[in-house]
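Enquirer: For reference, this is start_18.cif, and it has mmCIF, C-alpha atoms and all ligand atoms.
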data_data
#
loop_
_atom_site.label_atom_id
_atom_site.label_comp_id
_atom_site.auth_asym_id
_atom_site.auth_seq_id
_atom_site.Cartn_x
_atom_site.Cartn_y
_atom_site.Cartn_z
CA MET A 1 9.06 23.97 13.11
CA ILE A 2 11.14 21.11 14.48
CA ASP A 3 8.61 18.32 14.59
CA LEU A 4 9.33 15.81 17.35
CA ARG A 5 5.72 14.67 17.81
CA SER A 6 6.18 11.28 16.16
CA ASP A 7 8.14 9.34 13.56
CA THR A 8 4.89 9.33 11.53
CA VAL A 9 5.30 12.97 10.42
CA THR A 10 7.81 12.35 7.62
CA ARG A 11 7.25 13.10 3.92
CA PRO A 12 8.32 10.65 1.19
CA SER A 13 11.94 11.18 0.14
CA PRO A 14 12.63 11.94 -3.58
CA GLY A 15 13.70 8.31 -4.13
CA MET A 16 10.49 7.07 -2.56
CA TRP A 17 8.35 9.38 -4.74
CA GLU A 18 10.22 8.09 -7.77
CA ALA A 19 9.55 4.46 -6.79
CA MET A 20 5.87 5.24 -6.19
CA SER A 21 5.43 6.96 -9.53
CA HIS A 22 6.83 3.97 -11.43
CA ALA A 23 4.94 1.25 -9.50
CA GLU A 24 3.32 -1.51 -11.52
CA LEU A 25 -0.33 -1.64 -10.44
CA GLY A 26 -3.30 -4.02 -10.36
CA ASP A 27 -6.41 -4.55 -8.24
CA ASP A 28 -5.20 -5.90 -4.91
CA VAL A 29 -8.65 -7.10 -3.79
CA PHE A 30 -8.37 -9.53 -6.73
CA GLY A 31 -4.79 -10.24 -5.58
CA ASP A 32 -3.27 -9.01 -8.83
CA ASP A 33 -1.30 -5.93 -7.81
CA PRO A 34 2.26 -7.14 -8.51
CA THR A 35 3.89 -4.47 -6.31
CA VAL A 36 1.73 -5.37 -3.30
CA ASN A 37 2.47 -9.04 -3.88
CA ARG A 38 6.19 -8.28 -3.97
CA LEU A 39 6.00 -6.21 -0.77
CA GLN A 40 4.15 -9.05 0.98
CA GLU A 41 6.77 -11.59 -0.15
CA VAL A 42 9.66 -9.39 0.97
CA ALA A 43 8.00 -8.59 4.30
CA ALA A 44 7.23 -12.26 5.02
CA ARG A 45 10.85 -13.17 4.29
CA LEU A 46 12.26 -10.37 6.49
CA LEU A 47 9.99 -11.37 9.36
CA GLY A 48 10.63 -15.11 8.91
CA LYS A 49 6.95 -15.94 8.26
CA GLU A 50 5.24 -17.82 5.42
CA ASP A 51 3.04 -14.99 4.22
CA ALA A 52 2.08 -11.37 4.77
CA LEU A 53 -0.79 -8.95 4.25
CA PHE A 54 -0.55 -5.23 3.47
CA VAL A 55 -2.94 -3.25 5.71
CA PRO A 56 -3.68 0.49 5.83
CA SER A 57 -2.46 1.05 9.40
CA GLY A 58 -0.77 -0.45 12.43
CA THR A 59 -4.08 -0.29 14.26
CA MET A 60 -5.80 -2.35 11.57
CA GLY A 61 -2.92 -4.85 11.61
CA ASN A 62 -3.29 -5.34 15.36
CA GLU A 63 -7.08 -5.54 15.24
CA VAL A 64 -7.12 -8.02 12.35
CA ALA A 65 -4.63 -10.09 14.34
CA ILE A 66 -6.68 -9.99 17.54
CA HIS A 67 -9.84 -10.92 15.62
CA GLY A 68 -8.00 -13.68 13.77
CA HIS A 69 -6.64 -15.29 16.93
CA THR A 70 -9.63 -15.09 19.29
CA ARG A 71 -13.35 -15.71 19.78
CA PRO A 72 -15.80 -13.35 21.51
CA GLY A 73 -15.61 -13.76 25.28
CA ASP A 74 -11.92 -14.68 25.26
CA ARG A 75 -9.40 -12.75 27.31
CA ILE A 76 -6.25 -11.26 25.82
CA LEU A 77 -3.16 -10.43 27.89
CA VAL A 78 -1.44 -7.15 27.06
CA ALA A 79 1.05 -4.87 28.83
CA ALA A 80 -0.52 -1.85 30.56
CA ASP A 81 -0.39 1.23 28.31
CA ALA A 82 0.33 -0.83 25.20
CA HIS A 83 -0.99 0.72 22.00
CA VAL A 84 -3.80 -1.85 21.65
CA ILE A 85 -5.10 -0.84 25.07
CA ALA A 86 -4.34 2.86 25.22
CA HIS A 87 -4.65 4.09 21.63
CA GLU A 88 -6.96 1.85 19.61
CA THR A 89 -10.26 3.33 20.86
CA GLY A 90 -11.38 0.14 22.59
CA ALA A 91 -11.30 -1.77 19.28
CA PRO A 92 -10.51 -5.21 20.78
CA ALA A 93 -13.78 -5.01 22.75
CA VAL A 94 -15.81 -3.55 19.88
CA ILE A 95 -14.48 -5.58 16.95
CA SER A 96 -13.56 -8.86 18.61
CA GLY A 97 -15.65 -8.87 21.81
CA VAL A 98 -12.65 -9.80 23.92
CA LEU A 99 -11.80 -8.88 27.49
CA VAL A 100 -8.46 -7.08 27.57
CA GLU A 101 -6.38 -7.75 30.65
CA SER A 102 -3.82 -5.05 31.27
CA ILE A 103 -0.66 -6.52 32.84
CA PRO A 104 1.72 -4.19 34.72
CA ALA A 105 5.01 -3.96 32.82
CA ARG A 106 8.23 -2.08 33.54
CA ARG A 107 9.08 0.15 30.57
CA GLY A 108 6.46 -1.77 28.59
CA ILE A 109 8.32 -5.10 28.90
CA LEU A 110 6.20 -7.98 30.19
CA ASP A 111 7.69 -10.30 32.79
CA PRO A 112 6.94 -14.02 32.14
CA ASP A 113 6.19 -14.48 35.86
CA CYS A 114 3.38 -11.91 35.60
CA ILE A 115 1.92 -13.83 32.67
CA VAL A 116 2.00 -17.08 34.65
CA ALA A 117 0.13 -15.28 37.43
CA ALA A 118 -2.42 -13.86 34.97
CA ILE A 119 -3.43 -17.24 33.53
CA PRO A 120 -6.22 -18.67 35.67
CA ALA A 121 -6.90 -22.38 36.15
CA PRO A 122 -9.64 -23.57 33.78
CA ASP A 123 -12.96 -22.59 35.33
CA ILE A 124 -16.46 -22.31 33.87
CA HIS A 125 -16.82 -18.80 35.35
CA VAL A 126 -13.70 -17.33 33.84
CA ALA A 127 -12.99 -15.66 30.50
CA ALA A 128 -10.23 -17.91 29.21
CA PRO A 129 -7.06 -16.23 27.95
CA SER A 130 -6.41 -17.13 24.33
CA LEU A 131 -3.88 -14.54 23.15
CA LEU A 132 -0.73 -12.90 24.45
CA CYS A 133 0.31 -9.60 22.81
CA VAL A 134 3.64 -7.84 23.13
CA GLU A 135 4.75 -4.49 21.71
CA ASN A 136 8.35 -4.28 20.47
CA THR A 137 9.69 -1.65 20.69
CA SER A 138 7.39 -0.40 23.42
CA ASN A 139 6.10 3.09 22.67
CA SER A 140 4.89 4.00 26.17
CA GLY A 141 7.99 2.24 27.53
CA GLY A 142 10.12 4.93 25.87
CA GLY A 143 11.10 2.96 22.77
CA SER A 144 12.39 0.09 24.90
CA VAL A 145 13.55 -3.11 23.19
CA TYR A 146 12.46 -6.53 24.47
CA PRO A 147 15.41 -8.70 25.52
CA LEU A 148 15.37 -11.71 23.18
CA GLN A 149 15.41 -14.15 26.11
CA THR A 150 12.26 -12.57 27.54
CA LEU A 151 10.49 -12.72 24.19
CA ASP A 152 11.42 -16.37 23.71
CA ALA A 153 10.33 -17.20 27.26
CA LEU A 154 6.98 -15.44 26.77
CA ALA A 155 6.32 -17.20 23.46
CA ALA A 156 7.21 -20.61 24.93
CA LEU A 157 5.05 -19.99 27.98
CA ALA A 158 2.08 -18.95 25.85
CA ARG A 159 2.49 -22.00 23.63
CA ASP A 160 2.65 -24.31 26.67
CA ARG A 161 -0.57 -22.83 28.04
CA GLY A 162 -2.39 -23.01 24.71
CA LEU A 163 -2.38 -19.26 24.01
CA ARG A 164 -1.70 -17.79 20.61
CA THR A 165 0.80 -14.95 20.28
CA HIS A 166 0.89 -11.62 18.46
CA MET A 167 3.72 -9.10 18.34
CA ASP A 168 2.86 -5.45 17.68
CA GLY A 169 6.18 -4.77 16.01
CA ALA A 170 5.20 -1.31 14.75
CA ARG A 171 8.87 -0.42 15.31
CA ILE A 172 10.45 -3.88 15.10
CA PHE A 173 13.12 -2.57 12.73
CA ASN A 174 14.19 -0.07 15.40
CA ALA A 175 14.56 -3.11 17.66
CA GLN A 176 16.57 -4.91 14.95
CA VAL A 177 18.93 -1.98 14.47
CA ALA A 178 19.34 -1.29 18.20
CA SER A 179 19.98 -4.93 19.13
CA GLY A 180 21.69 -6.20 15.99
CA ILE A 181 19.25 -9.13 16.01
CA PRO A 182 17.39 -9.72 12.72
CA ALA A 183 13.65 -9.07 12.83
CA ALA A 184 13.00 -12.67 11.75
CA ARG A 185 14.82 -13.94 14.84
CA ILE A 186 13.04 -11.44 17.09
CA ALA A 187 9.66 -12.60 15.76
CA ARG A 188 10.50 -16.30 15.81
CA GLY A 189 8.06 -18.16 18.02
CA TRP A 190 5.30 -15.56 17.55
CA ASP A 191 2.25 -16.60 15.56
CA SER A 192 1.83 -13.17 14.01
CA VAL A 193 3.70 -9.91 13.84
CA THR A 194 2.82 -6.48 12.44
CA PHE A 195 5.23 -3.75 11.50
CA CYS A 196 4.59 -0.19 10.34
CA LEU A 197 6.02 1.27 7.15
CA SER A 198 4.64 4.68 8.08
CA LYS A 199 6.78 5.27 11.17
CA GLY A 200 10.60 5.28 11.24
CA LEU A 201 10.69 3.71 7.76
CA GLY A 202 9.27 6.94 6.35
CA CYS A 203 6.32 5.81 4.19
CA PRO A 204 3.14 7.86 3.94
CA VAL A 205 0.82 4.92 4.70
CA GLY A 206 0.84 1.26 5.54
CA SER A 207 1.66 -1.65 7.78
CA VAL A 208 2.22 -5.34 7.14
CA LEU A 209 0.82 -8.29 9.10
CA CYS A 210 2.80 -11.52 8.85
CA GLY A 211 2.00 -15.13 9.81
CA THR A 212 1.42 -18.60 8.38
CA ARG A 213 -0.06 -18.92 4.89
CA ALA A 214 -3.34 -20.36 6.16
CA TRP A 215 -3.74 -17.75 8.89
CA ILE A 216 -2.96 -14.86 6.53
CA ALA A 217 -5.72 -16.15 4.21
CA HIS A 218 -8.07 -15.88 7.21
CA ALA A 219 -6.65 -12.41 8.05
CA ARG A 220 -7.32 -11.30 4.45
CA ARG A 221 -11.04 -11.99 4.94
CA ILE A 222 -11.03 -10.04 8.22
CA ARG A 223 -9.26 -7.10 6.55
CA LYS A 224 -12.02 -7.11 3.90
CA MET A 225 -14.71 -7.22 6.57
CA LEU A 226 -13.16 -4.17 8.23
CA GLY A 227 -13.14 -2.25 4.95
CA GLY A 228 -9.40 -2.56 4.50
CA GLY A 229 -9.43 -4.10 1.01
CA MET A 230 -7.50 -1.71 -1.22
CA ARG A 231 -7.30 -1.52 -5.00
CA GLN A 232 -4.34 -0.07 -6.99
CA VAL A 233 -2.40 0.16 -3.77
CA GLY A 234 0.91 -0.82 -5.35
CA ILE A 235 1.52 2.92 -5.39
CA LEU A 236 1.93 2.66 -1.59
CA ALA A 237 3.50 -0.78 -1.59
CA ALA A 238 6.26 0.66 -3.80
CA ALA A 239 7.02 3.16 -1.02
CA GLY A 240 7.19 0.21 1.39
CA LEU A 241 9.59 -1.74 -0.80
CA TYR A 242 11.77 1.33 -1.19
CA ALA A 243 11.77 1.87 2.59
CA LEU A 244 12.70 -1.73 3.36
CA GLU A 245 15.66 -1.41 1.02
CA HIS A 246 16.85 2.11 1.91
CA HIS A 247 15.47 3.17 5.29
CA VAL A 248 16.16 0.31 7.70
CA ASP A 249 19.87 0.65 8.48
CA ARG A 250 19.60 4.44 8.68
CA LEU A 251 17.33 4.06 11.76
CA ALA A 252 20.66 3.98 13.63
CA GLU A 253 20.96 7.73 12.88
CA ASP A 254 17.60 8.35 14.58
CA HIS A 255 18.84 6.43 17.61
CA VAL A 256 22.04 8.49 17.80
CA ARG A 257 20.00 11.72 17.57
CA ALA A 258 17.61 10.54 20.31
CA ARG A 259 20.63 9.78 22.47
CA ARG A 260 22.02 13.27 21.81
CA LEU A 261 18.63 14.79 22.67
CA TYR A 262 18.53 12.80 25.91
CA GLU A 263 22.04 13.87 26.89
CA GLY A 264 21.46 17.53 25.95
CA LEU A 265 18.23 17.76 27.92
CA ARG A 266 19.63 15.83 30.84
CA SER A 267 22.59 18.24 31.04
CA GLN A 268 20.09 21.12 31.31
CA GLY A 269 18.42 19.39 34.28
CA TRP A 270 15.30 18.04 32.52
CA GLY A 271 13.98 14.68 33.77
CA ALA A 272 14.68 12.87 30.51
CA GLU A 273 14.44 9.07 30.30
CA GLN A 274 17.24 7.31 28.46
CA SER A 275 16.25 5.81 25.14
CA GLU A 276 17.51 2.68 23.38
CA THR A 277 15.88 3.70 20.10
CA ASN A 278 14.22 6.84 18.74
CA MET A 279 12.14 8.16 21.64
CA VAL A 280 12.88 10.38 24.59
CA TYR A 281 10.30 10.86 27.33
CA LEU A 282 10.47 13.81 29.73
CA GLN A 283 8.98 13.72 33.19
CA VAL A 284 7.69 17.27 33.82
CA PRO A 285 5.19 18.88 36.21
CA ASN A 286 2.90 20.31 33.50
CA ALA A 287 3.38 18.63 30.15
CA LEU A 288 0.54 20.45 28.36
CA ALA A 289 1.81 23.94 29.28
CA LEU A 290 5.36 22.97 28.32
CA ALA A 291 4.20 21.56 24.97
CA ASP A 292 2.41 24.86 24.26
CA ALA A 293 5.49 26.92 25.19
CA LEU A 294 7.70 24.69 23.02
CA MET A 295 5.30 25.00 20.10
CA GLU A 296 5.48 28.78 20.33
CA ALA A 297 9.28 28.59 20.39
CA GLY A 298 9.37 26.28 17.32
CA VAL A 299 9.42 22.71 18.68
CA ALA A 300 6.39 20.44 18.32
CA CYS A 301 6.07 17.48 20.69
CA CYS A 302 3.32 15.40 22.30
CA ALA A 303 2.12 15.57 25.90
CA LEU A 304 1.07 11.94 26.28
CA ALA A 305 0.15 12.33 29.96
CA PRO A 306 -0.23 15.35 32.27
CA ASP A 307 3.34 14.80 33.45
CA ARG A 308 4.95 13.17 30.41
CA LEU A 309 6.21 14.64 27.17
CA ARG A 310 7.37 12.50 24.24
CA LEU A 311 10.03 13.50 21.70
CA VAL A 312 10.64 11.26 18.68
CA THR A 313 13.45 11.39 16.15
CA HIS A 314 12.91 10.44 12.51
CA LEU A 315 13.98 10.55 8.88
CA ASP A 316 13.15 14.23 8.35
CA LEU A 317 15.36 15.52 11.18
CA GLY A 318 19.05 16.36 10.97
CA ASP A 319 21.74 16.98 13.58
CA ALA A 320 21.16 20.76 13.36
CA ASP A 321 17.44 20.31 14.20
CA VAL A 322 18.34 18.33 17.29
CA GLU A 323 20.87 20.96 18.41
CA GLU A 324 18.33 23.73 17.85
CA ALA A 325 15.67 21.81 19.80
CA ILE A 326 18.11 21.39 22.70
CA ALA A 327 18.87 25.13 22.61
CA ILE A 328 15.13 25.97 22.70
CA PHE A 329 14.60 23.63 25.67
CA GLY A 330 17.56 25.38 27.33
CA LYS A 331 15.97 28.81 26.91
CA LEU A 332 12.70 27.59 28.43
CA ARG A 333 14.59 26.06 31.33
CA CYS A 334 16.22 29.43 32.10
CA ARG A 335 12.95 31.36 32.15
C1 LIG B 401 3.34 0.56 19.06
C2 LIG B 401 2.31 1.01 18.08
N1 LIG B 401 1.48 0.12 17.56
C3 LIG B 401 0.54 0.45 16.66
C4 LIG B 401 0.41 1.76 16.24
C5 LIG B 401 -0.69 2.11 15.28
O1 LIG B 401 -0.26 2.55 14.05
P1 LIG B 401 -1.23 3.43 13.12
O2 LIG B 401 -1.12 4.83 13.60
O3 LIG B 401 -0.67 3.22 11.75
O4 LIG B 401 -2.61 2.90 13.26
C6 LIG B 401 1.26 2.74 16.76
C7 LIG B 401 1.14 4.14 16.31
O5 LIG B 401 1.73 5.03 16.84
C8 LIG B 401 2.23 2.36 17.71
O6 LIG B 401 3.07 3.24 18.27
#
Can you dump the structure from the file as structure tokens?
Expert:
Amino acid sequence: MIDLRSDTVTRPSPGMWEAMSHAELGDDVFGDDPTVNRLQEVAARLLGKEDALFVPSGTMGNEVAIHGHTRPGDRILVAADAHVIAHETGAPAVISGVLVESIPARRGILDPDCIVAAIPAPDIHVAAPSLLCVENTSNSGGGSVYPLQTLDALAALARDRGLRTHMDGARIFNAQVASGIPAARIARGWDSVTFCLSKGLGCPVGSVLCGTRAWIAHARRIRKMLGGGMRQVGILAAAGLYALEHHVDRLAEDHVRARRLYEGLRSQGWGAEQSETNMVYLQVPNALALADALMEAGVACCALAPDRLRLVTHLDLGDADVEEAIAIFGKLRCR
């Protein structure tokens, strides 16, 4: 099976297993797991923040952030179809009691003018916006990368209007590799940023939430409240440290393979959307039926909408897998 469903499907590489099996461990709820502490220090440095917190998932990272930046009854501004709206089971409403305003965004990229328009004048009747969230890269936007100027303009605008800012950087290292701009620069100006170790970086579990020292102390309490306090979790933090050292630059290979997939499918007449990173979306009349036919032929992918299929490249795919997937698509096209 050629698994193109997500970049989350990878298995630890032999080097990663080795690092995990030799991890120095402690009880992280007491703050004494040295491997977790090292991962948090490295992550904070790479993201240009004072401190960081290891969390079990990207979803928990986002939800801790939303809870940590808002009060019940606040409004948060998020691009339509962003993960926090579309794929976190309504958690911002349930956990934080906030109103989520979905802002139309082209390829998942928010336009500062739309944010200006979405911020109402102070009014006793209105749920006041207190947080702006962006997703970089944008998953539903096809792995699109925020232009740095737009990010900086959004952060400055939010600051001017008294809003806090959170970046869902689940795939921020794909953005770093695609743009050549260091993650710390991308995240500059944002109060908090999460990134996932369990996606393109190839770890089995884990995300990291970064911010100021004081705010991360607050976030640590929220993580505990949500049941996210973990014990001898250095075993997973070791995988994260290994990934940050060995699996960042190689994301470029995933981007080249996604590009090849796009070109191959395009040349067969499929409505493929061009990707800057590791995702290719296909516009098709019946995505569910096509996903079933592909599965039978040996390619797994996700129908994320009735007319949209997503293909994702990752660490466990080689050039030959991509060529074979293109050939299988070609056979289905000829049927
Ligand atoms: C952009 C984005 N943010 C957050 C998440 C959530 O990550 P997790 O599955 O670890 O909860 C995902 C997962 O696919 C994602 O694509």
Enquirer: What is the distance, in Å and to one decimal place, between atom CA of A:Leu236 and atom C3 of ligand LIG 401 (chain B)?
Expert: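 Rounded to one decimal, the two atoms are 18.4 Å apart.
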Enquirer: When the cut-off is 8 Å and you count all atoms listed in the file, which residues lie near ligand LIG 401 (chain B), shown as a ChimeraX atom specification?
Expert: /A:6,8,56-62,82-84,87-88,135-139,168-171,196,198-199,205-207
Enquirer: Do you have the atom CA of A:Thr35-atom CA of A:Arg185 distance handy?
Expert: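 Separating atom CA of A:Thr35 from atom CA of A:Arg185 is a distance of 25.6 Å.
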Enquirer: Let me make sure I understand: among A:Leu39, A:Ile172, A:Ala183, A:Val284, which one has the smallest atom-to-atom distance to A:Arg310 if we use all atoms listed in the file?
Expert: A:Val284
Enquirer: Which of these residues is nearest to A:Gly330, using all atoms listed in the file: A:Met279, A:Ala305, A:Leu4, A:Leu265?
Expert: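 Once distances to A:Gly330 are computed over all atoms listed in the file, the minimum belongs to A:Leu265.
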Enquirer: Show me, as JSON lines, the residues of stretch 209-306 of chain A having an atom within 10 Å of stretch 10-14 of chain A, each with the closest atom pair and its distance in Å, using all atoms listed in the file.
Expert:
{"residue": "A:Ala239", "atom": "CA", "partner": "A:Pro12", "partner_atom": "CA", "distance": 7.9}
{"residue": "A:Tyr242", "atom": "CA", "partner": "A:Ser13", "partner_atom": "CA", "distance": 9.9}
{"residue": "A:Ala243", "atom": "CA", "partner": "A:Pro12", "partner_atom": "CA", "distance": 9.5}
Enquirer: Please report the interatomic distance between atom CA of A:Ala79 and atom CA of A:Asp7 in Å with one decimal.
Expert: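 Answer for the atom CA of A:Ala79 to atom CA of A:Asp7 separation: 22.0 Å.
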Enquirer: Between A:Ala175, A:Leu25, A:Ala155, A:Leu226, which has the minimum distance to A:His67 (counting only C-alpha atoms)?
Expert: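 Ranked by minimum distance to A:His67, first place goes to A:Leu226.
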Enquirer: Could you give me, as a VMD selection string, the residues within 8 Å of A:Arg213, counting only C-alpha atoms and dropping anything in the same chain fewer than 2 positions from it?
Expert: chain A and resid 50 to 52 211 215 to 217
Enquirer: Neighbours of A:Gly26 within 12 Å (all atoms listed in the file; same-chain residues fewer than 3 positions away dropped), as a list in words?
Expert: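 Non-adjacent residues within range: Ala23, Val29, Phe30, Gly31, Asp32, Asp33, Pro34, Thr35, Val36, Asn37, Met230, Arg231, Gln232, Val233, Gly234, Ile235 and Ala237 of chain A.
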Enquirer: Excluding same-chain residues fewer than 2 positions from A:Gln268, what lies within 9 Å of it counting only C-alpha atoms, as a list of chain:residue names?
Expert: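 In the requested format, the answer is A:Glu263, A:Gly264, A:Leu265, A:Arg266, A:Trp270, A:Ile326, A:Phe329, A:Gly330, A:Arg333.
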Enquirer: Next, dump the selected residues to file, keeping only C-alpha atoms, as a PDB file, in the coordinates of the input.
Expert:
ATOM      1  CA  GLU A 263      22.040  13.870  26.890  1.00  0.00           C
ATOM      2  CA  GLY A 264      21.460  17.530  25.950  1.00  0.00           C
ATOM      3  CA  LEU A 265      18.230  17.760  27.920  1.00  0.00           C
ATOM      4  CA  ARG A 266      19.630  15.830  30.840  1.00  0.00           C
ATOM      5  CA  TRP A 270      15.300  18.040  32.520  1.00  0.00           C
ATOM      6  CA  ILE A 326      18.110  21.390  22.700  1.00  0.00           C
ATOM      7  CA  PHE A 329      14.600  23.630  25.670  1.00  0.00           C
ATOM      8  CA  GLY A 330      17.560  25.380  27.330  1.00  0.00           C
ATOM      9  CA  ARG A 333      14.590  26.060  31.330  1.00  0.00           C
TER      10      ARG A 333
END
Enquirer: Counting all atoms listed in the file, which of A:His125, A:Cys334, A:Ile2, A:Gln176 gets nearest to A:Gly298?
Expert: A:Ile2
Enquirer: Of the candidates A:Ala289, A:Leu317, A:Met225, A:Leu154, which shows the shortest atom-to-atom distance to A:Gly200, using all atoms listed in the file?
Expert: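 Comparing A:Ala289, A:Leu317, A:Met225, A:Leu154 against A:Gly200, the winner is A:Leu317.
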Enquirer: Residues within 12 Å of A:His246, please, as a PyMOL selection string. Count only C-alpha atoms; anything in the same chain fewer than 5 positions from it doesn't count.
Expert: chain A and resi 13+15-16+19+200-203+239-241+251+315
Enquirer: In terms of the shortest atom-to-atom distance over all atoms listed in the file, which of A:Ala293, A:Arg260, A:Arg188, A:Ala105 is closest to A:Val322?
Expert: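 Looking only at the distances to A:Val322, the closest residue turns out to be A:Arg260.
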Enquirer: With only C-alpha atoms as the counted atoms, please give the residues lying no more than 12 Å from A:Gly189, apart from itself and same-chain residues fewer than 3 positions off, as an mmCIF file with C-alpha atoms, keeping the file's coordinate frame.
Expert:
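Dumped everything to result-v1.cif:
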data_model
loop_
_atom_site.group_PDB
_atom_site.id
_atom_site.type_symbol
_atom_site.label_atom_id
_atom_site.label_comp_id
_atom_site.auth_asym_id
_atom_site.auth_seq_id
_atom_site.Cartn_x
_atom_site.Cartn_y
_atom_site.Cartn_z
ATOM 1 C CA LEU A 47 9.990 -11.370 9.360
ATOM 2 C CA GLY A 48 10.630 -15.110 8.910
ATOM 3 C CA LYS A 49 6.950 -15.940 8.260
ATOM 4 C CA LEU A 148 15.370 -11.710 23.180
ATOM 5 C CA GLN A 149 15.410 -14.150 26.110
ATOM 6 C CA THR A 150 12.260 -12.570 27.540
ATOM 7 C CA LEU A 151 10.490 -12.720 24.190
ATOM 8 C CA ASP A 152 11.420 -16.370 23.710
ATOM 9 C CA ALA A 153 10.330 -17.200 27.260
ATOM 10 C CA LEU A 154 6.980 -15.440 26.770
ATOM 11 C CA ALA A 155 6.320 -17.200 23.460
ATOM 12 C CA ALA A 156 7.210 -20.610 24.930
ATOM 13 C CA LEU A 157 5.050 -19.990 27.980
ATOM 14 C CA ALA A 158 2.080 -18.950 25.850
ATOM 15 C CA ARG A 159 2.490 -22.000 23.630
ATOM 16 C CA ASP A 160 2.650 -24.310 26.670
ATOM 17 C CA ARG A 164 -1.700 -17.790 20.610
ATOM 18 C CA THR A 165 0.800 -14.950 20.280
ATOM 19 C CA HIS A 166 0.890 -11.620 18.460
ATOM 20 C CA MET A 167 3.720 -9.100 18.340
ATOM 21 C CA ALA A 183 13.650 -9.070 12.830
ATOM 22 C CA ALA A 184 13.000 -12.670 11.750
ATOM 23 C CA ARG A 185 14.820 -13.940 14.840
ATOM 24 C CA ILE A 186 13.040 -11.440 17.090
ATOM 25 C CA SER A 192 1.830 -13.170 14.010
ATOM 26 C CA VAL A 193 3.700 -9.910 13.840
ATOM 27 C CA GLY A 211 2.000 -15.130 9.810
ATOM 28 C CA THR A 212 1.420 -18.600 8.380
#
Enquirer: Kindly list the centre and edge lengths in Å, rounded to one decimal, for the axis-aligned box that covers all listed atoms of stretch 133-140 of chain A plus 3 Å on each of its six sides, as lines of an AutoDock Vina configuration file.
Expert:
center_x = 5.0
center_y = -2.8
center_z = 23.3
size_x = 15.4
size_y = 19.6
size_z = 11.7
Enquirer: For a quick check of your reading of the model, name the residues lying within 9 Å of the coordinate (-8.0, -15.0, 16.4), counting only C-alpha atoms, and write them as a list of chain:residue names.
Expert: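 With a cut-off of 9 Å, the residues come to A:Val64, A:Ala65, A:Ile66, A:His67, A:Gly68, A:His69, A:Thr70, A:Arg71, A:Ser96, A:Ser130, A:Leu131, A:Arg164, A:Ala219.
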Enquirer: Using the selection just defined, write its residues with C-alpha atoms as a PDB file, in the coordinates of the input.
Expert:
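Result saved to again_9.pdb:
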ATOM      1  CA  VAL A  64      -7.120  -8.020  12.350  1.00  0.00           C
ATOM      2  CA  ALA A  65      -4.630 -10.090  14.340  1.00  0.00           C
ATOM      3  CA  ILE A  66      -6.680  -9.990  17.540  1.00  0.00           C
ATOM      4  CA  HIS A  67      -9.840 -10.920  15.620  1.00  0.00           C
ATOM      5  CA  GLY A  68      -8.000 -13.680  13.770  1.00  0.00           C
ATOM      6  CA  HIS A  69      -6.640 -15.290  16.930  1.00  0.00           C
ATOM      7  CA  THR A  70      -9.630 -15.090  19.290  1.00  0.00           C
ATOM      8  CA  ARG A  71     -13.350 -15.710  19.780  1.00  0.00           C
ATOM      9  CA  SER A  96     -13.560  -8.860  18.610  1.00  0.00           C
ATOM     10  CA  SER A 130      -6.410 -17.130  24.330  1.00  0.00           C
ATOM     11  CA  LEU A 131      -3.880 -14.540  23.150  1.00  0.00           C
ATOM     12  CA  ARG A 164      -1.700 -17.790  20.610  1.00  0.00           C
ATOM     13  CA  ALA A 219      -6.650 -12.410   8.050  1.00  0.00           C
TER      14      ALA A 219
END
Enquirer: At most 9 Å from (2.3, -3.2, 33.2), file frame, only C-alpha atoms: which residues, as an NGL selection string?
Expert: :A and (78-82 or 102-111)
Enquirer: Only C-alpha atoms, please: the residues just picked out, written as a PDB file, in the frame of the given file.
Expert:
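Heads up, here's the output in selection16.pdb:
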ATOM      1  CA  VAL A  78      -1.440  -7.150  27.060  1.00  0.00           C
ATOM      2  CA  ALA A  79       1.050  -4.870  28.830  1.00  0.00           C
ATOM      3  CA  ALA A  80      -0.520  -1.850  30.560  1.00  0.00           C
ATOM      4  CA  ASP A  81      -0.390   1.230  28.310  1.00  0.00           C
ATOM      5  CA  ALA A  82       0.330  -0.830  25.200  1.00  0.00           C
ATOM      6  CA  SER A 102      -3.820  -5.050  31.270  1.00  0.00           C
ATOM      7  CA  ILE A 103      -0.660  -6.520  32.840  1.00  0.00           C
ATOM      8  CA  PRO A 104       1.720  -4.190  34.720  1.00  0.00           C
ATOM      9  CA  ALA A 105       5.010  -3.960  32.820  1.00  0.00           C
ATOM     10  CA  ARG A 106       8.230  -2.080  33.540  1.00  0.00           C
ATOM     11  CA  ARG A 107       9.080   0.150  30.570  1.00  0.00           C
ATOM     12  CA  GLY A 108       6.460  -1.770  28.590  1.00  0.00           C
ATOM     13  CA  ILE A 109       8.320  -5.100  28.900  1.00  0.00           C
ATOM     14  CA  LEU A 110       6.200  -7.980  30.190  1.00  0.00           C
ATOM     15  CA  ASP A 111       7.690 -10.300  32.790  1.00  0.00           C
TER      16      ASP A 111
END
